[in-house]
Amino acid sequence: MLINSKERIHPHMFTLWVSMGSVIMMFAGLTSALIVKKNQSAWINIEIPYQFYFSTIILLSSSGTIYLAKRFFNLRNMHYFRMLSLITILLSFFFIVNQFYAFSVFENNNLHVFGRNSNGFLSFLGVTALLHILHVLGGVVALSIMVFKAYYSSVKTYSNSRINILSTYWHFVDILWVYLFLFFLFI
Amino acid sequence: MSSTFSDHSSATLVAPHLLDDTHHEHHHETFISKYVFSMDHKMIAKQFLVTGIFWAVLGGLMSVLFRLQLGYPDASFPWLEDILGKWAKGGHITPEAYYALVTTHGTVLVFFVLTAGLSGTFANFLIPLQIGARDMASPFMNMLSFWFFFLAGLVMLSSIFVETGPFSGGWTAYPPLSALREASPGSKSGMDLWIISMALFVVSSLLGGLNYIATVLNMRTKGMSMTRLPLTIWALFFTAVLGVLSFPVLFSGFILLIFDRNFGTSFYLSDIYVNGVGALPNEGGSAILYQHLFWFLGHPEVYIILLPAMGMVSEILSTNARKPIFGYMAMIGSMFAIAILAFLVWAHHMFVTGLNPFLGSIFVLLTLLIAVPSAIKVFNWLTTLWRGNIRFTPGMLFSIGFVSLFISGGLTGIWLGNSALDIHLHDTYFVIAHFHIVMGVASMFGMFAGIYHWYPKMFGRYLNNTLAYIHFWITFLGAYLIFWPMHYEGLAGMPRRYYDYSIWESFKQFSDLNRFISTVAMIVFAVQLLFIANFFYSMFKGRKLLTQNPWNSNTLEWTTPINPGHGNWEGDIPEVYRWAYDYGKDGTEFISQVTPIGSSESTH
């Protein structure tokens, strides 16, 4: 088989790129749906609370930690790799918790994301953010498995394709959130 | 025997008694790992095909049942009550059952049969075999793709048996019928199951599509450049790209629908008044929004269904006309154009929804543009046939039938693509006639062509030819007899999806025609059962294949052993030296892709 020759992209990395196209289309569908709906009746834009800025910073810093984790993996420094991976996972949990906290701010101000009398803008934000959280969780599960293996597996793997694919996905999910954040900020 | 093998310089020579053997495979295969949770692309293809056939029978049977109602609205069929129970009280199909049948027929045929059954079968079967790969990029994902499809089918099947019946708001599942439980009996748990099933189906087709793209781009054998690929592979590749980019949008539409159904949001629902419920508390939602999201998939879906048929037909026409395909690059270019345009025409399904007429005119233009690549393809098929040395195999007949149906159905697309004509024609039988001919029956013909052509490769046996010819002629004539008259009904303004036309003064005149259509539909359905009998009988008792390359074809799948094991080729994968269409070159009838270029030959 001709795959895995040096100059070619790893087939799993390639599959990841195609599936990122797929994920982009899903979120593009949601955000363009918002644009269509915005031009119809009963539309009120809500200001984004500052908690979402925090979320963005947390998620972006997790991009930084996974980048460093990858660097240390390539340097065969497994101690730092494991530590930075754990920090990345922790940061993503902070992110998720903070996202829910940010939504509770709306509810405290008597603005409803879902349910009766919910605001259309917030419903869109809620659905989009939930779907995004699911994508973050997907990355967390994959990274956790990798870290778990790095701690407990008797077979040591030094192939960097997994961490490369994982960190690419991680950066993608971060950029996706930045896009969504800016979209909801300025729409 | 040996003379057959000598055509293929790189194919391994093996004694016939070893052809059934999979001795190059090292792992032991149990029944479960070989036939159930198989990761062999050929077995997964057969799983898709058999599941697709199951759904085709069920979906077809549903159309026979509602055609009974349409053709014989006054007659009573006591046996219907025996099988359908309360859904056919007194031998009459109830209106609820009628709408449920129409809806399930549409969903099942479009998604389960013509998407999963068609591209699931042939992308899985042909991509590794024709590009020279041992399997898909990710056999595991491939297996998951089938089992998600199977699960989707199981959920859809279960919806037929719930007390309130399956979803009955049309295969497009427009809100409010799909968003409001109270809107109709089918909108209750039937719709829950419908949407779960479709979500599983989207996952299945994404897993499959990702795999097809990765395989075509990464796993071609040595010498198999993109422009040496058979057109089947190009078609299946574009199909996968369309699916991967458009199904997620449908998915987002479904997610919003789920929130409207279950969590009280107002994406699609507004303060409308519903009989029996009163005014809804929702505010500001728009059903049109769902239509945008739905048709952004819905239109590419048409080409997801049609492109694999086009690809297979190109291959089969060329092989059996013993001529190179006319305009190979033009074929790729036109498929590319179709794939691009597929994303830019969705609003032509929405001309009469209050769409801005100026926006409509842009969609008219883009829609009519599709006629250009379509015409190029038709021209190329006809010129491939022109002065060919045609062998009328069953696969070839179905391919020619496909071209005929594609022309007939495509021409009416030019009518419907006009927003002005659409004011009169929308939601009439003209639309039904158009899309059944161009998308439904044409793709079905592509599928039949593929099955007849590749059956020997799948099962090492031939289908019975006599039954195949009976199948072809009755289906071909029947398809025209069923759908051609519908054009006239549609032009006269007869709306689709009505339960009984005999009570309408304007449409009473068509009662004889409706009875005629229903009668032909039943005959055509019966002939499909003949095909299925042929399919399963020949699997065990059909004439055995004695040569590797029964059609004297150039493509790589015919260089594998008659019954290839997991891994397809014994020994090395053959290298490719030429394109797939060297038929009749320099007086040689056919030159396989694995034959090196001779010294006095031009290359492709």
# chains A, B, ... in the order shown; residues from 1 in each chain; ligands from 1
call {"tool": "interface_residues", "arguments": {"of": "chain A", "to": "chain B", "cutoff": "6 Å", "atoms": "only C-alpha atoms", "output": "list in words"}}
result
Thr15, Ser22, Met25, Met26, Gly29, Ser41, Ala42, Phe114, Gly115 and Arg116 of chain A
call {"tool": "residues_around", "arguments": {"residues": "stretch 489-505 of chain B", "least_positions_apart": "2", "cutoff": "12 Å", "atoms": "only C-alpha atoms", "output": "number ranges by chain"}}
result
B: 66-74, 92-103, 106, 168-171, 412, 415-416, 421-434, 482-487, 507-515, 517
call {"tool": "residues_around", "arguments": {"residues": "stretch 42-54 of chain B", "least_positions_apart": "2", "cutoff": "6 Å", "atoms": "only C-alpha atoms", "output": "mmCIF file with C-alpha atoms, in the first residue's frame"}}
result
data_model
loop_
_atom_site.group_PDB
_atom_site.id
_atom_site.type_symbol
_atom_site.label_atom_id
_atom_site.label_comp_id
_atom_site.auth_asym_id
_atom_site.auth_seq_id
_atom_site.Cartn_x
_atom_site.Cartn_y
_atom_site.Cartn_z
ATOM 1 C CA ASP B 40 -14.112 -6.492 4.665
ATOM 2 C CA ALA B 56 -36.830 -1.281 -1.295
ATOM 3 C CA VAL B 57 -39.385 -4.082 -0.954
ATOM 4 C CA VAL B 113 -32.555 2.624 -0.618
ATOM 5 C CA GLY B 117 -28.431 1.017 -0.684
ATOM 6 C CA GLY B 120 -23.278 2.454 0.354
ATOM 7 C CA THR B 121 -23.176 -0.699 -1.712
ATOM 8 C CA ASN B 124 -17.854 0.103 -0.548
ATOM 9 C CA PHE B 125 -17.596 -2.534 -3.197
#
call {"tool": "closest_residue", "arguments": {"among": "B:Met39, B:Val216, B:Ala339, B:Phe161", "to": "A:Pro11", "atoms": "only C-alpha atoms"}}
result
B:Val216
call {"tool": "residues_around", "arguments": {"residues": "A:Leu34", "least_positions_apart": "2", "cutoff": "10 Å", "atoms": "only C-alpha atoms", "output": "ChimeraX atom specification"}}
result
/A:28-32,36-39,120-121,123-125,184,187 /B:267,289
call {"tool": "write_last_selection", "arguments": {"atoms": "all heavy atoms", "output": "compact mmCIF listing (two decimals), in the first residue's frame"}}
result
# COMPACT_ATOMS: atom_id res chain seq x y z
N ALA A 28 -21.86 26.26 10.30
CA ALA A 28 -22.25 27.26 9.30
C ALA A 28 -23.75 27.21 9.08
O ALA A 28 -24.40 28.25 8.92
CB ALA A 28 -21.50 27.02 8.00
N GLY A 29 -24.31 26.00 9.10
CA GLY A 29 -25.75 25.87 8.98
C GLY A 29 -26.47 26.59 10.10
O GLY A 29 -27.41 27.36 9.86
N LEU A 30 -25.98 26.41 11.32
CA LEU A 30 -26.64 27.05 12.47
C LEU A 30 -26.49 28.56 12.42
O LEU A 30 -27.45 29.30 12.65
CB LEU A 30 -26.04 26.50 13.77
CG LEU A 30 -26.41 25.07 14.10
CD1 LEU A 30 -25.57 24.54 15.25
CD2 LEU A 30 -27.88 25.00 14.48
N THR A 31 -25.28 29.05 12.14
CA THR A 31 -25.10 30.50 12.17
C THR A 31 -25.82 31.16 11.01
O THR A 31 -26.36 32.25 11.17
CB THR A 31 -23.61 30.88 12.19
OG1 THR A 31 -22.91 30.12 11.20
CG2 THR A 31 -22.98 30.62 13.54
N SER A 32 -25.86 30.50 9.83
CA SER A 32 -26.62 31.15 8.75
C SER A 32 -28.11 31.05 9.02
O SER A 32 -28.87 31.93 8.59
CB SER A 32 -26.25 30.60 7.38
OG SER A 32 -26.02 29.24 7.42
N VAL A 36 -30.80 34.16 8.84
CA VAL A 36 -32.11 34.13 8.19
C VAL A 36 -33.19 34.55 9.19
O VAL A 36 -34.06 35.36 8.91
CB VAL A 36 -32.41 32.71 7.64
CG1 VAL A 36 -33.85 32.60 7.18
CG2 VAL A 36 -31.46 32.38 6.50
N LYS A 37 -33.10 34.00 10.39
CA LYS A 37 -34.15 34.24 11.38
C LYS A 37 -34.11 35.66 11.93
O LYS A 37 -35.14 36.25 12.27
CB LYS A 37 -34.00 33.23 12.52
CG LYS A 37 -35.11 33.34 13.55
CD LYS A 37 -35.66 32.01 13.94
CE LYS A 37 -36.83 32.21 14.87
NZ LYS A 37 -36.42 32.51 16.22
N LYS A 38 -32.92 36.23 11.99
CA LYS A 38 -32.73 37.58 12.52
C LYS A 38 -33.59 38.59 11.78
O LYS A 38 -34.07 39.57 12.36
CB LYS A 38 -31.25 37.94 12.34
CG LYS A 38 -30.79 39.21 13.02
CD LYS A 38 -29.28 39.35 12.75
CE LYS A 38 -28.64 40.49 13.47
NZ LYS A 38 -28.94 41.79 13.09
N ASN A 39 -33.79 38.33 10.48
CA ASN A 39 -34.54 39.29 9.67
C ASN A 39 -36.04 39.09 9.79
O ASN A 39 -36.80 39.66 9.03
CB ASN A 39 -34.10 39.18 8.21
CG ASN A 39 -32.66 39.57 8.06
OD1 ASN A 39 -32.22 40.58 8.60
ND2 ASN A 39 -31.90 38.75 7.35
N GLY A 120 -35.00 34.13 20.98
CA GLY A 120 -34.48 33.43 19.81
C GLY A 120 -32.97 33.48 19.72
O GLY A 120 -32.31 32.47 19.46
N PHE A 121 -32.42 34.64 19.97
CA PHE A 121 -30.96 34.81 19.93
C PHE A 121 -30.30 33.86 20.93
O PHE A 121 -29.34 33.15 20.61
CB PHE A 121 -30.63 36.27 20.25
CG PHE A 121 -29.15 36.56 20.31
CD1 PHE A 121 -28.43 36.81 19.16
CD2 PHE A 121 -28.49 36.61 21.53
CE1 PHE A 121 -27.08 37.09 19.22
CE2 PHE A 121 -27.14 36.88 21.61
CZ PHE A 121 -26.43 37.13 20.44
N SER A 123 -31.57 31.16 22.28
CA SER A 123 -31.75 29.76 21.91
C SER A 123 -30.67 29.32 20.94
O SER A 123 -30.10 28.24 21.07
CB SER A 123 -33.12 29.55 21.27
OG SER A 123 -34.14 29.92 22.15
N PHE A 124 -30.41 30.18 19.96
CA PHE A 124 -29.35 29.85 19.01
C PHE A 124 -28.01 29.72 19.73
O PHE A 124 -27.26 28.77 19.51
CB PHE A 124 -29.23 30.94 17.93
CG PHE A 124 -30.03 30.63 16.71
CD1 PHE A 124 -31.19 31.33 16.43
CD2 PHE A 124 -29.63 29.63 15.84
CE1 PHE A 124 -31.93 31.04 15.30
CE2 PHE A 124 -30.36 29.33 14.71
CZ PHE A 124 -31.52 30.05 14.44
N LEU A 125 -27.72 30.70 20.59
CA LEU A 125 -26.46 30.65 21.34
C LEU A 125 -26.38 29.37 22.16
O LEU A 125 -25.35 28.70 22.20
CB LEU A 125 -26.35 31.89 22.24
CG LEU A 125 -25.05 32.06 23.02
CD1 LEU A 125 -23.87 32.19 22.09
CD2 LEU A 125 -25.13 33.26 23.95
N PHE A 184 -21.51 35.73 17.61
CA PHE A 184 -22.58 36.16 18.51
C PHE A 184 -22.31 37.53 19.10
O PHE A 184 -23.23 38.22 19.52
CB PHE A 184 -22.80 35.11 19.61
CG PHE A 184 -23.57 33.93 19.13
CD1 PHE A 184 -22.92 32.76 18.77
CD2 PHE A 184 -24.95 33.99 19.00
CE1 PHE A 184 -23.62 31.67 18.31
CE2 PHE A 184 -25.67 32.89 18.54
CZ PHE A 184 -25.00 31.74 18.19
N ILE A 187 -23.06 39.97 15.70
CA ILE A 187 -24.19 39.82 14.78
C ILE A 187 -25.27 40.84 15.14
O ILE A 187 -25.54 41.11 16.28
CB ILE A 187 -24.73 38.37 14.82
CG1 ILE A 187 -25.73 38.14 13.69
CG2 ILE A 187 -25.34 38.03 16.16
CD1 ILE A 187 -25.12 38.12 12.32
N PHE B 267 -37.60 28.12 17.18
CA PHE B 267 -36.86 28.26 15.93
C PHE B 267 -37.81 28.21 14.74
O PHE B 267 -37.73 29.01 13.82
CB PHE B 267 -35.82 27.15 15.80
CG PHE B 267 -34.72 27.22 16.82
CD1 PHE B 267 -34.61 26.24 17.81
CD2 PHE B 267 -33.81 28.26 16.81
CE1 PHE B 267 -33.60 26.31 18.75
CE2 PHE B 267 -32.81 28.33 17.75
CZ PHE B 267 -32.70 27.35 18.72
N LEU B 289 -37.38 28.68 7.75
CA LEU B 289 -36.00 28.45 8.18
C LEU B 289 -35.65 26.96 8.05
O LEU B 289 -34.59 26.59 7.56
CB LEU B 289 -35.84 28.91 9.62
CG LEU B 289 -34.47 28.72 10.25
CD1 LEU B 289 -33.44 29.51 9.47
CD2 LEU B 289 -34.49 29.16 11.70
call {"tool": "closest_residue", "arguments": {"among": "A:Ile165, A:Leu134, A:Leu84, A:Leu185", "to": "A:His10", "atoms": "only C-alpha atoms"}}
result
A:Ile165
call {"tool": "atom_distance", "arguments": {"atom1": "atom CA of A:Ser62", "atom2": "atom CA of A:Ser153"}}
result
25.0 Å
call {"tool": "closest_residue", "arguments": {"among": "A:Ile58, A:Leu131, A:Val18, A:Ile46", "to": "A:Val113", "atoms": "only C-alpha atoms"}}
result
A:Ile46
call {"tool": "residues_around", "arguments": {"residues": "stretch 340-347 of chain B", "least_positions_apart": "2", "cutoff": "9 Å", "atoms": "only C-alpha atoms", "output": "NGL selection string"}}
result
:B and (242 or 246 or 291-292 or 294-303 or 335-338 or 349-351 or 355 or 359-360 or 362-367 or 369-370)
call {"tool": "select_by_dssp", "arguments": {"residues": "stretch 87-291 of chain B", "states": "alpha helix (DSSP H)", "output": "ChimeraX atom specification"}}
result
/B:95-107,121-131,139-159,189-218,231-262,287-291
call {"tool": "residues_around", "arguments": {"residues": "B:Gly542", "least_positions_apart": "3", "cutoff": "8 Å", "atoms": "only C-alpha atoms", "output": "list in words"}}
result
Arg461, Tyr462, Leu463, Asn464, Tyr537, Ser538 and Met539 of chain B
call {"tool": "residues_around", "arguments": {"residues": "A:Trp17", "least_positions_apart": "5", "cutoff": "9 Å", "atoms": "only C-alpha atoms", "output": "list in words"}}
result
His12, Ser22, Thr168 and Tyr169 of chain A
call {"tool": "atom_distance", "arguments": {"atom1": "atom CA of A:Val147", "atom2": "atom CA of A:Arg82"}}
result
6.0 Å
call {"tool": "atom_distance", "arguments": {"atom1": "atom CA of B:Glu557", "atom2": "atom CA of A:Ile9"}}
result
26.5 Å
